[in-house]
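Working notes, beginning with the structure itself.
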Amino acid sequence: MYSLSVLLLLAFKGWRSIKYLSFSSFWCKLYSSGSYNEVLSNGVASKKKEFDFEHLFHSCTKIYILKCLHALLIVSGKAQSIFIGTRLVNLYAHLGDVSLSQKTFCMIENKDAYTWNSMISSYVRNGHFWESLNCLNEMLSTADVKPDFYTFPPVLKACNSIIDGVRIHCWASKLGLEWDVFVAASLVHMYCRFQSSGIAFRIFKDMPYRDMGCWNAMISGFCQNGNATEALSLLDEMRLEGIKMDTVTIAVVLPTCAQLGDVVHGMSIHLYVIKHGLELDVFVSNALINMYARFGELSYAQKVFDGMMVVRDLVSWNSLIAAYEQNNVPEKALKYFQEMMINGVQPDLLTLVSLASSIAQTKSFRSCRSVHGFVLRRSWIQVDVIMGNAVVDMYAKLGLIHCSRKVFDEIPIKDVVSWNSMITGYAQNGLASEAIEIYNMLKECDDIEPNQGTWVSILPAYAHLGALQEGTRTHGHVFKVALNLDVFVSTSLIDLYGKCGKLDEAMLLFHEVPRMSSVPWNAIISCHGIHGNGRVSLKLFNDMLNAGIKPDHVTFLSLLAACSHSGLVDEGKTYFHMMEQEFGIKPGLKHYGCMADLLARAGGLETAYQFIKNMPLQPDASVWGALLGACRVHGNVELGKLASDNLFEVDPENVGYYVVLSNIYANYGSWEGVNEVRSLARDKGLKKTPGWSSIDLNNKIEVFYTGNQSHPQCHEIYEELGILTAKIKTLGYTPDYTFVLQDVEEDEKEQILTSHSERLAIAYGILSTPPKSPLRIYKNLRVCGDCHNVTKLISKITEREIIVRDSNRFHHFKNGVCSCGDYW
């Protein structure tokens, strides 16, 4: 308990610390109230007139003013009143000083239920949840008064665990307050917060009376717990009982309609909104924009936004910008951002997150710097990790991975999304080793646990490198955390096993996981396609349709690629027309690229060229690249030169296209053309990607570059290759020097072919593994024709299965035959 002198001193210190104007304003209010007469020399107010304390309470907008009033109340003898003391408790808490609120509470004698409730609520409002629970315990154990129905709603919000909630629920039942409408609604909220919607629903059903808040609490609880179907069923039940939806109900239910993909239900609620004049409510309109965005119905989202001329707020602009960004219409997102700025609406963090993603989609390198500068000036990366993650993701999608890493390193407190963004950035930019390095750094962080996004990010990196053992170990971690049946994680695992040559394991996983969406189907169709099992891919597609799963653009991309790898030209044409005519999916550039590859790879170079000329879209590098690659296979120099000229316009920095054209000239024997192309690449500062092959043995990945002489077992490897070459020559092998892309003497050409990276990896594998065991080789470039023939013969004389994954597909060599049928 504070003495009067201490409190007066406290007030005096408060007065001294304020500016003169602030100090005088309090006393001006005191004089202007008309109630102040005089304060006697002993500090006691005259009894002729009293202060208008009601007026003075309203003037307390700052802590130091409230301290002055508190001191005056003590001097005037008013502070002993339970009502005045409780009011001070509430006002201190309202101004954010819970410590003074608690000290004032302790000074009140003979506290009633209202006083205790005020202190509990003060703790809860200021986030002191543990103290609010302790206060309730003290009230229950020491006070003469008992809790009432005002006690339980705030304290139920403070529960840190369901155990605390159940204990408070028992007290409410014991005191006969369980069925009070406010207490019951708070119990529903509490149980839903701890994922116990079943218990919450039982309480809700047993309530003798349910108001609008109770219905909203239960519907919201179902939504929070992922029970979207139950939420909509409860909504129908509510409407059958004649209770009208309010703005809260609508704002809660609309995202649920989007979650279920129930556009009909969503549009019927929109009709209800219009019929009852709720479309001018800003929360309802924002929810409608978000719902239509989730459905991809951007025209409806736009109409809702256009009808909000009077009530638009920042959330409205953010919702529309995000709608266009999330539906891959970044130009519109940027347009509305500019319009928002013209209208004087200042962006916030969420605006910039959508803006960063839109800029990444448009590949606007200049704008990305502007966004980064805008964020830096406001120090948002240091303030909010979400903003930092968005900038990391933006740079990564633009291919500026060094900038992405720099921003990542600057984020002061990283969350799991930060790590996931960096892992994904490296993986999507072809830097799988760096992605794995970041993942290993994440595993050393004690305060961050990998989640679904982490596994989905790192598994493709393992698949890219063919790191089967690391991928299998990660599969074990996924199984431990019970995410092995998650559709996205399991799809990544299917892709991992498929791309590591374990097609049987990929099929086993496919049959275990839920197949209610196109995602796992797309993965397994693609896996069979790259293994040359085109017919199996087509069968899986028919099984998918029979299961009632609607294909998407990725499905047809996987199908067309499978047809291309297997030479199924007529089938590919059928599916290309089917995607738009039967399923309403407009082909994108990648689909056109697959069709060009399908036609050209099968020898129809002129047909492919005419197809490209008649495309409704401007051909990109993937389309012209497909034609160029086929020209190399079929030796068409003229058409190859035409394709490369177009490639140098649309993607002049890709050294791979210069290499392919150079190889076409080399195969044709035009060394002048070779020198011209190589000179052109050198002038642009481009360097050829060195060819390498890897093999994963004994928990270690061994990498071999073409002509490698630095391996510790180099001598044994070349000796083994010499023995193998001699043996396969007895079977009729003759080196094909057309795959030597250097102008050298004949005696050097065989040595160059022998030192190709995949042959070094195969020889090392034969030396390092038991006889007849399979070998898995991963090559970053396409396998050359001579190495393809050699590997077939080696598989025969060693009685091994040799699985080679090159940059384009899988080759399964066994008994002198390749699964590709020499079509690749």
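Chain labels A, B, ... are given in the sequence in which chains occur in the structure tokens; within each chain residues are numbered consecutively from 1, and ligands are likewise numbered from 1 in the order shown.
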Fewer than 6 positions away in the same chain doesn't count, so skip those; otherwise give me all residues within 7 Å of Ala621 of chain A, counting only C-alpha atoms, as an mmCIF file with all heavy atoms, in the first residue's frame.
data_model
loop_
_atom_site.group_PDB
_atom_site.id
_atom_site.type_symbol
_atom_site.label_atom_id
_atom_site.label_comp_id
_atom_site.auth_asym_id
_atom_site.auth_seq_id
_atom_site.Cartn_x
_atom_site.Cartn_y
_atom_site.Cartn_z
ATOM 1 N N LEU A 647 17.024 -17.742 -81.747
ATOM 2 C CA LEU A 647 17.397 -17.956 -80.350
ATOM 3 C C LEU A 647 18.327 -16.859 -79.848
ATOM 4 O O LEU A 647 18.207 -16.399 -78.713
ATOM 5 C CB LEU A 647 18.080 -19.319 -80.188
ATOM 6 C CG LEU A 647 17.135 -20.516 -80.067
ATOM 7 C CD1 LEU A 647 17.903 -21.807 -80.238
ATOM 8 C CD2 LEU A 647 16.415 -20.507 -78.729
ATOM 9 N N VAL A 650 16.103 -13.904 -78.825
ATOM 10 C CA VAL A 650 15.241 -13.997 -77.637
ATOM 11 C C VAL A 650 16.018 -14.369 -76.374
ATOM 12 O O VAL A 650 15.588 -14.063 -75.263
ATOM 13 C CB VAL A 650 14.081 -15.003 -77.857
ATOM 14 C CG1 VAL A 650 13.172 -14.535 -78.971
ATOM 15 C CG2 VAL A 650 14.597 -16.412 -78.141
ATOM 16 N N ASP A 651 17.157 -15.057 -76.532
ATOM 17 C CA ASP A 651 17.943 -15.467 -75.354
ATOM 18 C C ASP A 651 19.427 -15.451 -75.700
ATOM 19 O O ASP A 651 20.075 -16.496 -75.797
ATOM 20 C CB ASP A 651 17.502 -16.867 -74.896
ATOM 21 C CG ASP A 651 18.038 -17.220 -73.513
ATOM 22 O OD1 ASP A 651 18.668 -16.346 -72.890
ATOM 23 O OD2 ASP A 651 17.830 -18.363 -73.069
#
With only C-alpha atoms as the counted atoms, please give the residues lying no more than 9 Å from segment 523-538 of chain A, apart from itself and same-chain residues fewer than 4 positions off, as a PyMOL selection string. chain A and resi 491-492+494-495+497-499+501+503+506-507+510+518-519+542-543+555+557-568+571+805+808-812+819-821+824
Close residues, Tyr191 of chain A itself excluded, 9 Å, only C-alpha atoms, min 6 positions apart in chain, as JSON, numbers by chain: {"A": [162, 165, 166, 197, 198, 199, 200, 221]}
Let me see the file: selected residues, all heavy atoms, as a compact mmCIF listing (two decimals), in the first residue's frame.
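Contents of the output file result28.txt:
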# COMPACT_ATOMS: atom_id res chain seq x y z
N ILE A 162 -5.05 -26.18 -23.61
CA ILE A 162 -6.41 -26.68 -23.43
C ILE A 162 -6.64 -27.14 -21.99
O ILE A 162 -7.79 -27.15 -21.49
CB ILE A 162 -6.71 -27.82 -24.43
CG1 ILE A 162 -8.24 -28.06 -24.51
CG2 ILE A 162 -5.95 -29.08 -24.06
CD1 ILE A 162 -8.65 -28.95 -25.65
N GLY A 165 -7.95 -24.29 -20.20
CA GLY A 165 -9.32 -24.05 -20.65
C GLY A 165 -10.31 -25.00 -20.01
O GLY A 165 -11.40 -24.60 -19.59
N VAL A 166 -9.94 -26.28 -19.92
CA VAL A 166 -10.83 -27.28 -19.32
C VAL A 166 -11.05 -26.98 -17.83
O VAL A 166 -12.16 -27.11 -17.30
CB VAL A 166 -10.25 -28.71 -19.51
CG1 VAL A 166 -11.02 -29.72 -18.68
CG2 VAL A 166 -10.28 -29.09 -20.99
N SER A 197 -12.75 -28.78 -32.14
CA SER A 197 -14.04 -28.28 -32.65
C SER A 197 -15.18 -29.23 -32.30
O SER A 197 -16.34 -28.81 -32.23
CB SER A 197 -13.98 -28.06 -34.16
OG SER A 197 -13.55 -29.24 -34.83
N GLY A 198 -14.86 -30.53 -32.07
CA GLY A 198 -15.92 -31.47 -31.68
C GLY A 198 -16.53 -31.12 -30.34
O GLY A 198 -17.76 -31.10 -30.17
N ILE A 199 -15.67 -30.81 -29.34
CA ILE A 199 -16.16 -30.40 -28.02
C ILE A 199 -16.90 -29.07 -28.13
O ILE A 199 -17.97 -28.88 -27.53
CB ILE A 199 -14.98 -30.26 -27.03
CG1 ILE A 199 -14.25 -31.60 -26.89
CG2 ILE A 199 -15.46 -29.77 -25.67
CD1 ILE A 199 -12.97 -31.52 -26.08
N ALA A 200 -16.34 -28.16 -28.93
CA ALA A 200 -16.99 -26.85 -29.11
C ALA A 200 -18.38 -27.02 -29.69
O ALA A 200 -19.33 -26.35 -29.25
CB ALA A 200 -16.13 -25.98 -30.03
N GLY A 221 -15.07 -21.26 -35.90
CA GLY A 221 -14.28 -22.35 -35.34
C GLY A 221 -14.10 -23.48 -36.32
O GLY A 221 -13.00 -24.03 -36.47
Determine, using only C-alpha atoms, which residues of segment 239-271 of chain A have any atom at most 12 Å from an atom of segment 295-301 of chain A, and tabulate each with its shortest atom pair and distance in Å to one decimal place, rows ordered by chain and then rising number, as a Markdown table.
| residue | atom | partner | partner_atom | distance |
| --- | --- | --- | --- | --- |
| A:Leu254 | CA | A:Phe295 | CA | 11.3 |
| A:Pro255 | CA | A:Phe295 | CA | 10.5 |
| A:Thr256 | CA | A:Phe295 | CA | 11.8 |
| A:Cys257 | CA | A:Phe295 | CA | 9.4 |
| A:Ala258 | CA | A:Phe295 | CA | 6.5 |
| A:Gln259 | CA | A:Phe295 | CA | 9.3 |
| A:Leu260 | CA | A:Phe295 | CA | 10.1 |
| A:Gly261 | CA | A:Phe295 | CA | 7.0 |
| A:Asp262 | CA | A:Phe295 | CA | 8.8 |
| A:Val263 | CA | A:Phe295 | CA | 7.1 |
| A:Val264 | CA | A:Phe295 | CA | 10.8 |
| A:Gly266 | CA | A:Phe295 | CA | 9.8 |
| A:Met267 | CA | A:Tyr300 | CA | 10.0 |
| A:His270 | CA | A:Tyr300 | CA | 10.6 |
What does the file look like for those residues with all heavy atoms, as a short mmCIF file (atom, residue, chain, number, x, y, z; two decimals), in the first residue's frame?
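Dumped to selection-v8.cif:
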data_model
loop_
_atom_site.label_atom_id
_atom_site.label_comp_id
_atom_site.auth_asym_id
_atom_site.auth_seq_id
_atom_site.Cartn_x
_atom_site.Cartn_y
_atom_site.Cartn_z
N LEU A 254 -17.07 -16.71 -46.68
CA LEU A 254 -16.61 -16.59 -48.07
C LEU A 254 -15.26 -17.27 -48.32
O LEU A 254 -15.11 -17.96 -49.33
CB LEU A 254 -16.55 -15.11 -48.47
CG LEU A 254 -17.92 -14.44 -48.70
CD1 LEU A 254 -17.75 -12.95 -48.95
CD2 LEU A 254 -18.64 -15.09 -49.88
N PRO A 255 -14.27 -17.14 -47.42
CA PRO A 255 -13.02 -17.89 -47.65
C PRO A 255 -13.23 -19.40 -47.63
O PRO A 255 -12.51 -20.14 -48.30
CB PRO A 255 -12.13 -17.44 -46.48
CG PRO A 255 -12.67 -16.12 -46.05
CD PRO A 255 -14.14 -16.22 -46.27
N THR A 256 -14.24 -19.85 -46.87
CA THR A 256 -14.53 -21.28 -46.81
C THR A 256 -15.05 -21.78 -48.15
O THR A 256 -14.71 -22.88 -48.59
CB THR A 256 -15.57 -21.55 -45.70
OG1 THR A 256 -15.08 -21.03 -44.47
CG2 THR A 256 -15.84 -23.03 -45.55
N CYS A 257 -15.90 -20.98 -48.80
CA CYS A 257 -16.40 -21.34 -50.14
C CYS A 257 -15.22 -21.50 -51.11
O CYS A 257 -15.19 -22.42 -51.92
CB CYS A 257 -17.36 -20.29 -50.65
SG CYS A 257 -18.86 -20.12 -49.66
N ALA A 258 -14.26 -20.57 -51.01
CA ALA A 258 -13.09 -20.64 -51.88
C ALA A 258 -12.26 -21.89 -51.57
O ALA A 258 -11.76 -22.56 -52.47
CB ALA A 258 -12.24 -19.39 -51.70
N GLN A 259 -12.14 -22.22 -50.28
CA GLN A 259 -11.37 -23.40 -49.87
C GLN A 259 -11.97 -24.68 -50.45
O GLN A 259 -11.25 -25.58 -50.87
CB GLN A 259 -11.34 -23.47 -48.34
CG GLN A 259 -10.52 -24.63 -47.78
CD GLN A 259 -10.62 -24.71 -46.26
OE1 GLN A 259 -10.96 -23.74 -45.60
NE2 GLN A 259 -10.32 -25.87 -45.72
N LEU A 260 -13.31 -24.75 -50.49
CA LEU A 260 -13.99 -25.93 -51.02
C LEU A 260 -14.13 -25.90 -52.53
O LEU A 260 -14.55 -26.88 -53.13
CB LEU A 260 -15.39 -26.04 -50.40
CG LEU A 260 -15.47 -26.47 -48.94
CD1 LEU A 260 -16.90 -26.42 -48.45
CD2 LEU A 260 -14.90 -27.88 -48.76
N GLY A 261 -13.82 -24.76 -53.14
CA GLY A 261 -14.03 -24.61 -54.58
C GLY A 261 -15.50 -24.54 -54.93
O GLY A 261 -15.89 -24.86 -56.06
N ASP A 262 -16.31 -24.11 -53.97
CA ASP A 262 -17.77 -24.06 -54.17
C ASP A 262 -18.17 -22.67 -54.64
O ASP A 262 -18.64 -21.83 -53.87
CB ASP A 262 -18.47 -24.42 -52.84
CG ASP A 262 -19.96 -24.66 -53.01
OD1 ASP A 262 -20.49 -24.32 -54.08
OD2 ASP A 262 -20.58 -25.18 -52.07
N VAL A 263 -18.01 -22.43 -55.94
CA VAL A 263 -18.31 -21.10 -56.48
C VAL A 263 -19.81 -20.80 -56.43
O VAL A 263 -20.22 -19.64 -56.27
CB VAL A 263 -17.76 -20.97 -57.91
CG1 VAL A 263 -18.50 -21.88 -58.89
CG2 VAL A 263 -17.80 -19.53 -58.38
N VAL A 264 -20.64 -21.84 -56.54
CA VAL A 264 -22.10 -21.62 -56.51
C VAL A 264 -22.53 -21.09 -55.15
O VAL A 264 -23.30 -20.12 -55.05
CB VAL A 264 -22.84 -22.95 -56.84
CG1 VAL A 264 -24.35 -22.75 -56.69
CG2 VAL A 264 -22.50 -23.40 -58.25
N GLY A 266 -20.64 -19.58 -53.00
CA GLY A 266 -20.07 -18.25 -52.85
C GLY A 266 -20.88 -17.19 -53.56
O GLY A 266 -21.13 -16.10 -53.02
N MET A 267 -21.34 -17.50 -54.77
CA MET A 267 -22.13 -16.52 -55.53
C MET A 267 -23.52 -16.33 -54.92
O MET A 267 -24.08 -15.23 -54.96
CB MET A 267 -22.23 -16.94 -56.99
CG MET A 267 -20.89 -16.94 -57.70
SD MET A 267 -20.97 -17.31 -59.46
CE MET A 267 -21.48 -15.72 -60.11
N HIS A 270 -23.10 -13.90 -52.29
CA HIS A 270 -22.97 -12.57 -52.90
C HIS A 270 -24.35 -12.00 -53.22
O HIS A 270 -24.62 -10.80 -52.99
CB HIS A 270 -22.12 -12.67 -54.17
CG HIS A 270 -21.72 -11.32 -54.71
ND1 HIS A 270 -20.95 -11.18 -55.84
CD2 HIS A 270 -21.99 -10.06 -54.28
CE1 HIS A 270 -20.76 -9.88 -56.07
NE2 HIS A 270 -21.38 -9.20 -55.15
#
Determine the nearest neighbour of Pro551 of chain A from the options A:Tyr292, A:Trp419, A:Trp179, A:Phe583, counting only C-alpha atoms. A:Phe583
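Taking only C-alpha atoms, the non-local environment of Val252 of chain A within 10 Å (same-chain residues fewer than 3 positions away omitted) comprises Asn216, Ala217, Ile219, Ser220, Gly221, Cys223, Gln224, Ala231, Thr247, Val248, Thr249, Pro255, Thr256, Cys257, Val284 and Ala287 of chain A.
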Put those residues in a file: C-alpha atoms, as a compact mmCIF listing (two decimals), in the first residue's frame.
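Output contents, as saved in part_11.txt:
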# COMPACT_ATOMS: atom_id res chain seq x y z
CA ASN A 216 -20.48 -16.86 -35.81
CA ALA A 217 -18.13 -18.32 -33.18
CA ILE A 219 -18.87 -21.27 -37.92
CA SER A 220 -15.54 -19.47 -37.50
CA GLY A 221 -14.28 -22.35 -35.34
CA CYS A 223 -13.29 -22.73 -40.61
CA GLN A 224 -10.19 -22.34 -38.41
CA ALA A 231 -19.07 -24.68 -41.56
CA THR A 247 -21.22 -8.97 -41.97
CA VAL A 248 -19.09 -11.12 -39.65
CA THR A 249 -20.76 -14.33 -40.85
CA PRO A 255 -13.02 -17.89 -47.65
CA THR A 256 -14.53 -21.28 -46.81
CA CYS A 257 -16.40 -21.34 -50.14
CA VAL A 284 -17.74 -7.88 -46.88
CA ALA A 287 -13.90 -10.80 -48.60
Distance query Leu66 of chain A at most 10 Å, only C-alpha atoms, self and fewer than 4 positions along chain excluded, as a ChimeraX atom specification: /A:11,14,26,56-62,70-72,88,91-92,95
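Minimum atom-to-atom distance to Lys700 of chain A, evaluated using only C-alpha atoms, belongs to A:Gly466 out of A:Thr730, A:Gly466, A:Gly669, A:Leu509.
Each of A:Asp236, A:Glu750, A:Asp597, A:Asp148 was checked against Ser268 of chain A using only C-alpha atoms; the smallest atom-to-atom distance is that of A:Asp236.
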All residues 6 Å or closer to segment 421-436 of chain A, only C-alpha atoms, same chain fewer than 5 positions away omitted, as a VMD selection string: chain A and resid 393 396 457 461
Any idea what the distance is between atom CA of Thr754 of chain A and atom CA of Ile766 of chain A? 15.6 Å
